[in-house]
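Peer 1: Take this structure, written in structure tokens, and hold onto it; I'll ask about it next.
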There are 2 protein chains.
Amino acid sequence: MSSSFNKDYSDDFEVTPWKVEGSVDYARLIKKFGTQEITDEIVEKIESLTGELHPLLGNKFFFSHRDLDWILNKYENNEKFYLYTGRGPSGMVHLGHLMPWFLTKHFQDKFDSNLLFQITDDEKFLFGNKTMDEIKKNVYENILDIIAIGFKKKRTKIIVNTRHIKQLYSNSLEIAKRITFSTAKSIFGFTNSTNIGMIGFPPLQGVPCFLPTLIEGKPTPVLIPAAIDQDPYWRLTRDIAEKIGFYKPAQIHSKFLPSLQTTGKMSSSDPETALFTTDEPRIIEEKVSNAFTGGQPTTLLQRKLGGNPGICSVFSYLKYLFDTPRESNERELKCRSGNLLCGECKHDLSSHSIAFISIFQDRREKAKDLVSDFMYSEES
Amino acid sequence: MSSSFNKDYSDDFEVTPWKVEGSVDYARLIKKFGTQEITDEIVEKIESLTGELHPLLGNKFFFSHRDLDWILNKYENNEKFYLYTGRGPSGMVHLGHLMPWFLTKHFQDKFDSNLLFQITDDEKFLFGNKTMDEIKKNVYENILDIIAIGFKKKRTKIIVNTRHIKQLYSNSLEIAKRITFSTAKSIFGFTNSTNIGMIGFPPLQGVPCFLPTLIEGKPTPVLIPAAIDQDPYWRLTRDIAEKIGFYKPAQIHSKFLPSLQTTGKMSSSDPETALFTTDEPRIIEEKVSNAFTGGQPTTLLQRKLGGNPGICSVFSYLKYLFDTPRESNERELKCRSGNLLCGECKHDLSSHSIAFISIFQDRREKAKDLVSDFMYSEES
């Protein structure tokens, strides 16, 4: 495994676990990271195993994988897998964060999987400028979002790194011992000015790949649904898994929901770029109304030339979150032919988002009573 | 602080936290590390505060310090200090390990200090070739030695890193965030092939410098008695202490007991070089009988030319562990004048060591019932 993503790589986009910049060419990213494209054959297999086609697979929002075919074969041979995903609590949760969680919930329901959900509060302390107190507040708020997704209480355990470090630490040492600085540097781009906490952190994000085997007392496959920017962590984990007696974790990678303002992904640290699960309707309307679209400068030009859904954040949101494939195709045709104005799409996105987030906020409220039920055990 | 101890440093000895090689020039080491010599004035001050002169101060086995004068002034102004020392459980404990613990116990008694005793099992896993199971066995055995020293049960808490990681982790993140790879590299000599666990480890050895302030809820000075090879860890801690609102830890540094076989320090990993607290009398006799001395090749030459106590491991052991200053001076004179044969000194060392270790082994046995009393709390 010798992929790297140094800044001088000849692309006009950059994807690392901490930064997504530029207009991401997902086909090129697959080559760059050395992952596999999700083929129609795999989608059909999932459809046949689960009895339905999840929209985020149908519309190829999930587009890349590692060993997804392998883990489906395991499942067919009666070897059940765990799901593992996570959240870096750098701020509040926005709709972009929810996307991998939607598919994770779907898989939990259909494959009857246990789920480990890791919250990397230590990472966000080491890699950012927030105090631990600020991050602890985010952790609590983020947990409400996770629970609000509707994961099964009995099959879901949330791990908060600083809280469950004792349950993670010994295994993380086994991983850490097998990763040289040179390897970590080439994967994460560490430099002389990187703090040593950042350099020492990656093994902790690997541990939940191995916990299921330790919990079950037998080799247990793990599937990680996550946005593709997190792949480097688990690529590293895959490299050493078999050396320490575990299966390599399988992965299924999503694209990013674009920023509302420009290209790049939504970001917790820039609130204008994203719709948060805690936003009030007024704020949602305002953000959507200011969103970057593929429209023409004037109504007249729009009617005459048509818009460009390919670069339109509003179109992407509607496509991946709210439109059926048929609705999305119709919207695209109407936009390109000049028969749809940006205001209409913004109205659709705004009203869909307000309705969705309103329901989600009710679920977040109810989640407050469930937090302890979802926490991983602190017994060692 | 820009000291470094790269191998090409123009000395014929090397002292790092993991290796002591060559014949150590302690005066040069003070300059190299940037520490202070323990002056007669400081020794007299300790004598006046404690009411007696501890032999390991009188014979200058403890020879170097950082801020020892400062912490004594604090004590005189009614600000009590904690003691902190530790053990890397790479193997069984030998007499060389006990030396700093003797002074630590003396200080605990005289200054009525609380003591934190850290066992860095994670470090020894990351830096060596032992499995975690092997290291866990060492941890247990080493704890028996620590308790056998006679520390006060109510004033002593043993921290085992993997067991108490939750109590250490958040504070270690505060330290780790403030140390760049470049700084750690210059202090510890990390390279591209160093594993990332080793790079991430040093902050954990810093945490007990700050725990007393967190436990007491007010700024609390800490004095670390330890062999000087461990200084780099706390040098690093001192550099960032005030930035995160703590006193710099003070230190008092010992020399090393030499190897029985040659120059260099005793080593757990080479059993012939050291007398272990678990050695049987027969083994002690054998090791001492094979020890490296400053004697002449034949009795005749010894009688004629005299021996060289300056390079003699047997002389050092007797001087630092068993002889009074007067006895040691007499021994030196008799040796140099040819009136003492190596066999006589070996006999003295052997019988003293067997007697001491026999009593120590009884105390180790009794310690087995006290282990849980000495453990640091696992409550967070």
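Lettering and numbering for the structure tokens are positional, with chains as A, B, ... in the shown order, residues counted from 1 in each chain, and ligands counted from 1 in the shown order.
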Could you list, as a ChimeraX atom specification, every residue within 10 Å of Thr278 in chain A, counting only C-alpha atoms and ignoring same-chain residues fewer than 6 positions away?
Peer 2: /A:92-94,141,145,284,357-358,360-361,364
Peer 1: If you count only C-alpha atoms, which residues fall within 9 Å of range 328-344 of chain B, apart from same-chain ones fewer than 4 positions away, as number ranges by chain?
Peer 2: B: 289, 293-296, 299, 301-310, 314-315, 318-320, 322-324, 348-349
Peer 1: Hey, which bits of chain A sit within 8 Å of chain B, and for each residue what's the closest pair of atoms and how far apart in Å (one decimal), counting only C-alpha atoms, rows by chain and increasing number, as CSV?
Peer 2:
residue,atom,partner,partner_atom,distance
A:Asp122,CA,B:Leu173,CA,7.2
A:Phe125,CA,B:Leu173,CA,7.8
A:Leu126,CA,B:Lys177,CA,5.5
A:Thr162,CA,B:Ser170,CA,6.6
A:Arg163,CA,B:Lys166,CA,7.0
A:His164,CA,B:Lys166,CA,7.5
A:Ile165,CA,B:Lys166,CA,5.8
A:Lys166,CA,B:Lys166,CA,5.7
A:Tyr169,CA,B:Thr162,CA,6.8
A:Ser170,CA,B:Thr162,CA,6.6
A:Leu173,CA,B:Gly197,CA,6.5
A:Ala176,CA,B:Gly197,CA,4.7
A:Lys177,CA,B:Asn195,CA,5.5
A:Arg178,CA,B:Asn195,CA,6.5
A:Ile179,CA,B:Asn195,CA,5.3
A:Thr180,CA,B:Asn195,CA,4.1
A:Phe181,CA,B:Asn192,CA,5.0
A:Ser182,CA,B:Asn192,CA,4.6
A:Ala184,CA,B:Ile196,CA,7.6
A:Thr191,CA,B:Phe181,CA,7.4
A:Asn192,CA,B:Ser182,CA,4.6
A:Ser193,CA,B:Thr180,CA,5.1
A:Thr194,CA,B:Thr180,CA,5.4
A:Asn195,CA,B:Thr180,CA,4.1
A:Ile196,CA,B:Gly200,CA,5.3
A:Gly197,CA,B:Ala176,CA,4.7
A:Met198,CA,B:Lys177,CA,7.7
A:Ile199,CA,B:Ile196,CA,6.2
A:Gly200,CA,B:Gly200,CA,4.3
A:Phe201,CA,B:Gly200,CA,7.7
Peer 1: At a cut-off of 8 Å, using only C-alpha atoms, what residues contact Ile38 in chain B? Leave out same-chain residues fewer than 6 positions from it and give the result as a PyMOL selection string.
Peer 2: chain B and resi 62-65
Peer 1: Could you write out that same residue set with N, CA and C atoms as an mmCIF file, in the first residue's frame?
Peer 2:
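Listed below is the output, result-v9.cif:
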data_model
loop_
_atom_site.group_PDB
_atom_site.id
_atom_site.type_symbol
_atom_site.label_atom_id
_atom_site.label_comp_id
_atom_site.auth_asym_id
_atom_site.auth_seq_id
_atom_site.Cartn_x
_atom_site.Cartn_y
_atom_site.Cartn_z
ATOM 1 N N PHE B 62 23.463 10.400 44.565
ATOM 2 C CA PHE B 62 22.611 11.435 43.963
ATOM 3 C C PHE B 62 23.485 12.656 43.766
ATOM 4 N N PHE B 63 23.606 13.100 42.541
ATOM 5 C CA PHE B 63 24.651 14.079 42.209
ATOM 6 C C PHE B 63 24.130 15.285 41.430
ATOM 7 N N SER B 64 22.902 15.195 40.902
ATOM 8 C CA SER B 64 22.432 16.223 39.970
ATOM 9 C C SER B 64 20.967 16.538 40.271
ATOM 10 N N HIS B 65 20.508 17.700 39.870
ATOM 11 C CA HIS B 65 19.109 18.056 40.157
ATOM 12 C C HIS B 65 18.592 19.133 39.209
#
Peer 1: So that I can see what lies close to Pro225 in chain B, please list as an MDAnalysis selection string the residues with an atom at most 7 Å from it, counting only C-alpha atoms and leaving out residues fewer than 4 positions away in the same chain.
Peer 2: chainID B and resid 85 100 104 251:253
Peer 1: Could you write out the selected residues, including C-alpha atoms, as a PDB file, in the first residue's frame?
Peer 2:
ATOM      1  CA  THR B  85       9.071   8.052  40.719  1.00  0.00           C
ATOM      2  CA  PRO B 100      16.402   5.855  43.919  1.00  0.00           C
ATOM      3  CA  THR B 104      12.358   8.266  47.868  1.00  0.00           C
ATOM      4  CA  GLN B 251      14.167  16.392  40.003  1.00  0.00           C
ATOM      5  CA  ILE B 252      16.977  14.753  41.925  1.00  0.00           C
ATOM      6  CA  HIS B 253      19.142  12.461  39.800  1.00  0.00           C
TER       7      HIS B 253
END
Peer 1: Compare A:His54, A:Lys287, A:Arg326, A:His347 by their minimum atom-to-atom distance to Ser259 in chain A, counting only C-alpha atoms, and give me the closest one.
Peer 2: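 Ranked by minimum distance to Ser259 in chain A, first place goes to A:Lys287.
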Peer 1: Using only C-alpha atoms, pick whichever of A:Glu76, A:Gly58, A:Phe246, A:Leu103 has the shortest atom-to-atom distance to Pro212 in chain A.
Peer 2: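 Answer, going by the shortest atom-to-atom distance: A:Phe246.
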Peer 1: Using only C-alpha atoms, can you tell me which of B:Phe107, B:Phe374, B:Phe117, B:Trp101 comes closest to Lys153 in chain B?
Peer 2: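 Comparing B:Phe107, B:Phe374, B:Phe117, B:Trp101 against Lys153 in chain B, the winner is B:Phe374.
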Peer 1: So the first atom is CA of Cys209 in chain A and the second is CA of Tyr75 in chain A; what is the distance between them in Å, to one decimal place?
Peer 2: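 Interatomic distance, CA of Cys209 in chain A to CA of Tyr75 in chain A: 16.9 Å.
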Peer 1: Kindly give the distance, in Å, that separates CA of Asn129 in chain B and CA of Thr16 in chain B, rounded to a single decimal.
Peer 2: 18.3 Å
Peer 1: Output as a list in words all residues of range 75-238 of chain A that backbone DSSP marks as strand (DSSP E).
Peer 2: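 Listing strand (DSSP E) positions across range 75-238 of chain A yields Tyr82, Leu83, Tyr84, Thr85, Gly86, Arg87, Leu115, Leu116, Phe117, Gln118, Ile119, Thr156, Lys157, Ile158, Ile159, Val160, Val222, Leu223, Ile224, Pro225, Ala226 and Ala227 of chain A.
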Peer 1: Quick one, how far is CA of Ile240 in chain B from CA of Thr120 in chain B?
Peer 2: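 One can read the CA of Ile240 in chain B to CA of Thr120 in chain B distance as 21.0 Å.
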Peer 1: Hey, which of B:Asn290, B:Ser23, B:Ser316, B:Ser90 ends up closest to Lys137 in chain B? Count only C-alpha atoms.
Peer 2: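 With only C-alpha atoms as the atom set, the closest residue is B:Ser90.
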Peer 1: Residues at most 7 Å from Leu223 in chain B, counting only C-alpha atoms, excluding those fewer than 5 positions away in the same chain, as a list in words?
Peer 2: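 Close residues of Leu223 in chain B: Phe81, Tyr82, Leu83, Tyr84, Pro249, Ala250 and Gln251 of chain B.
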Peer 1: Write the residues of the selection above to a file with all heavy atoms, as a PDB file, in the first residue's frame.
Peer 2:
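Below is the file that was written, selection.pdb:
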ATOM      1  N   PHE B  81       5.359  19.016  49.244  1.00  0.00           N
ATOM      2  CA  PHE B  81       5.474  18.495  47.884  1.00  0.00           C
ATOM      3  C   PHE B  81       5.142  17.009  47.821  1.00  0.00           C
ATOM      4  O   PHE B  81       5.258  16.295  48.812  1.00  0.00           O
ATOM      5  CB  PHE B  81       6.878  18.752  47.308  1.00  0.00           C
ATOM      6  CG  PHE B  81       8.013  18.183  48.091  1.00  0.00           C
ATOM      7  CD1 PHE B  81       8.406  16.851  47.911  1.00  0.00           C
ATOM      8  CD2 PHE B  81       8.728  18.968  48.999  1.00  0.00           C
ATOM      9  CE1 PHE B  81       9.474  16.321  48.627  1.00  0.00           C
ATOM     10  CE2 PHE B  81       9.800  18.436  49.726  1.00  0.00           C
ATOM     11  CZ  PHE B  81      10.167  17.118  49.537  1.00  0.00           C
ATOM     12  N   TYR B  82       4.714  16.587  46.632  1.00  0.00           N
ATOM     13  CA  TYR B  82       4.560  15.160  46.326  1.00  0.00           C
ATOM     14  C   TYR B  82       5.890  14.615  45.820  1.00  0.00           C
ATOM     15  O   TYR B  82       6.687  15.347  45.225  1.00  0.00           O
ATOM     16  CB  TYR B  82       3.521  14.954  45.217  1.00  0.00           C
ATOM     17  CG  TYR B  82       2.089  14.776  45.664  1.00  0.00           C
ATOM     18  CD1 TYR B  82       1.453  15.739  46.447  1.00  0.00           C
ATOM     19  CD2 TYR B  82       1.347  13.664  45.258  1.00  0.00           C
ATOM     20  CE1 TYR B  82       0.116  15.588  46.820  1.00  0.00           C
ATOM     21  CE2 TYR B  82       0.017  13.503  45.624  1.00  0.00           C
ATOM     22  CZ  TYR B  82      -0.594  14.472  46.405  1.00  0.00           C
ATOM     23  OH  TYR B  82      -1.908  14.324  46.762  1.00  0.00           O
ATOM     24  N   LEU B  83       6.082  13.333  46.026  1.00  0.00           N
ATOM     25  CA  LEU B  83       7.168  12.623  45.371  1.00  0.00           C
ATOM     26  C   LEU B  83       6.578  11.824  44.212  1.00  0.00           C
ATOM     27  O   LEU B  83       5.408  11.430  44.241  1.00  0.00           O
ATOM     28  CB  LEU B  83       7.854  11.666  46.349  1.00  0.00           C
ATOM     29  CG  LEU B  83       8.640  12.356  47.474  1.00  0.00           C
ATOM     30  CD1 LEU B  83       8.847  11.406  48.640  1.00  0.00           C
ATOM     31  CD2 LEU B  83       9.977  12.868  46.940  1.00  0.00           C
ATOM     32  N   TYR B  84       7.367  11.656  43.178  1.00  0.00           N
ATOM     33  CA  TYR B  84       6.927  10.861  42.027  1.00  0.00           C
ATOM     34  C   TYR B  84       8.139  10.114  41.504  1.00  0.00           C
ATOM     35  O   TYR B  84       9.181  10.713  41.236  1.00  0.00           O
ATOM     36  CB  TYR B  84       6.314  11.786  40.967  1.00  0.00           C
ATOM     37  CG  TYR B  84       6.277  11.252  39.542  1.00  0.00           C
ATOM     38  CD1 TYR B  84       6.068   9.896  39.265  1.00  0.00           C
ATOM     39  CD2 TYR B  84       6.436  12.121  38.456  1.00  0.00           C
ATOM     40  CE1 TYR B  84       6.040   9.424  37.966  1.00  0.00           C
ATOM     41  CE2 TYR B  84       6.397  11.661  37.147  1.00  0.00           C
ATOM     42  CZ  TYR B  84       6.206  10.313  36.907  1.00  0.00           C
ATOM     43  OH  TYR B  84       6.183   9.850  35.606  1.00  0.00           O
ATOM     44  N   PRO B 249       8.078  20.240  37.376  1.00  0.00           N
ATOM     45  CA  PRO B 249       8.500  19.231  38.342  1.00  0.00           C
ATOM     46  C   PRO B 249       9.991  19.400  38.658  1.00  0.00           C
ATOM     47  O   PRO B 249      10.792  19.648  37.758  1.00  0.00           O
ATOM     48  CB  PRO B 249       8.259  17.907  37.603  1.00  0.00           C
ATOM     49  CG  PRO B 249       8.316  18.273  36.148  1.00  0.00           C
ATOM     50  CD  PRO B 249       7.772  19.665  36.046  1.00  0.00           C
ATOM     51  N   ALA B 250      10.337  19.288  39.941  1.00  0.00           N
ATOM     52  CA  ALA B 250      11.750  19.291  40.338  1.00  0.00           C
ATOM     53  C   ALA B 250      12.278  17.861  40.274  1.00  0.00           C
ATOM     54  O   ALA B 250      11.496  16.908  40.324  1.00  0.00           O
ATOM     55  CB  ALA B 250      11.898  19.850  41.743  1.00  0.00           C
ATOM     56  N   GLN B 251      13.588  17.728  40.120  1.00  0.00           N
ATOM     57  CA  GLN B 251      14.167  16.392  40.003  1.00  0.00           C
ATOM     58  C   GLN B 251      15.432  16.272  40.839  1.00  0.00           C
ATOM     59  O   GLN B 251      16.152  17.251  41.012  1.00  0.00           O
ATOM     60  CB  GLN B 251      14.550  16.089  38.547  1.00  0.00           C
ATOM     61  CG  GLN B 251      13.402  16.072  37.572  1.00  0.00           C
ATOM     62  CD  GLN B 251      13.895  15.697  36.163  1.00  0.00           C
ATOM     63  OE1 GLN B 251      14.482  14.648  35.965  1.00  0.00           O
ATOM     64  NE2 GLN B 251      13.667  16.572  35.215  1.00  0.00           N
TER      65      GLN B 251
END
Peer 1: Pick the closest to Gln230 in chain A from A:Thr213, A:Thr50, A:Asn114, A:Ser254: which is it, counting only C-alpha atoms?
Peer 2: A:Ser254
Peer 1: I need the residue nearest Leu49 in chain A from this list: A:Glu37, A:Met375, A:Glu285, A:Leu72. Use only C-alpha atoms for the distance.
Peer 2: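 Counting only C-alpha atoms, the residue closest to Leu49 in chain A is A:Leu72.
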Peer 1: Go through range 145-302 of chain B and collect every residue that DSSP, computed from the backbone, puts in alpha helix (DSSP H); the answer should be as an MDAnalysis selection string.
Peer 2: chainID B and resid 145:148 161:176 181:188 196:200 202:206 211:216 231:241 281:289 299:302
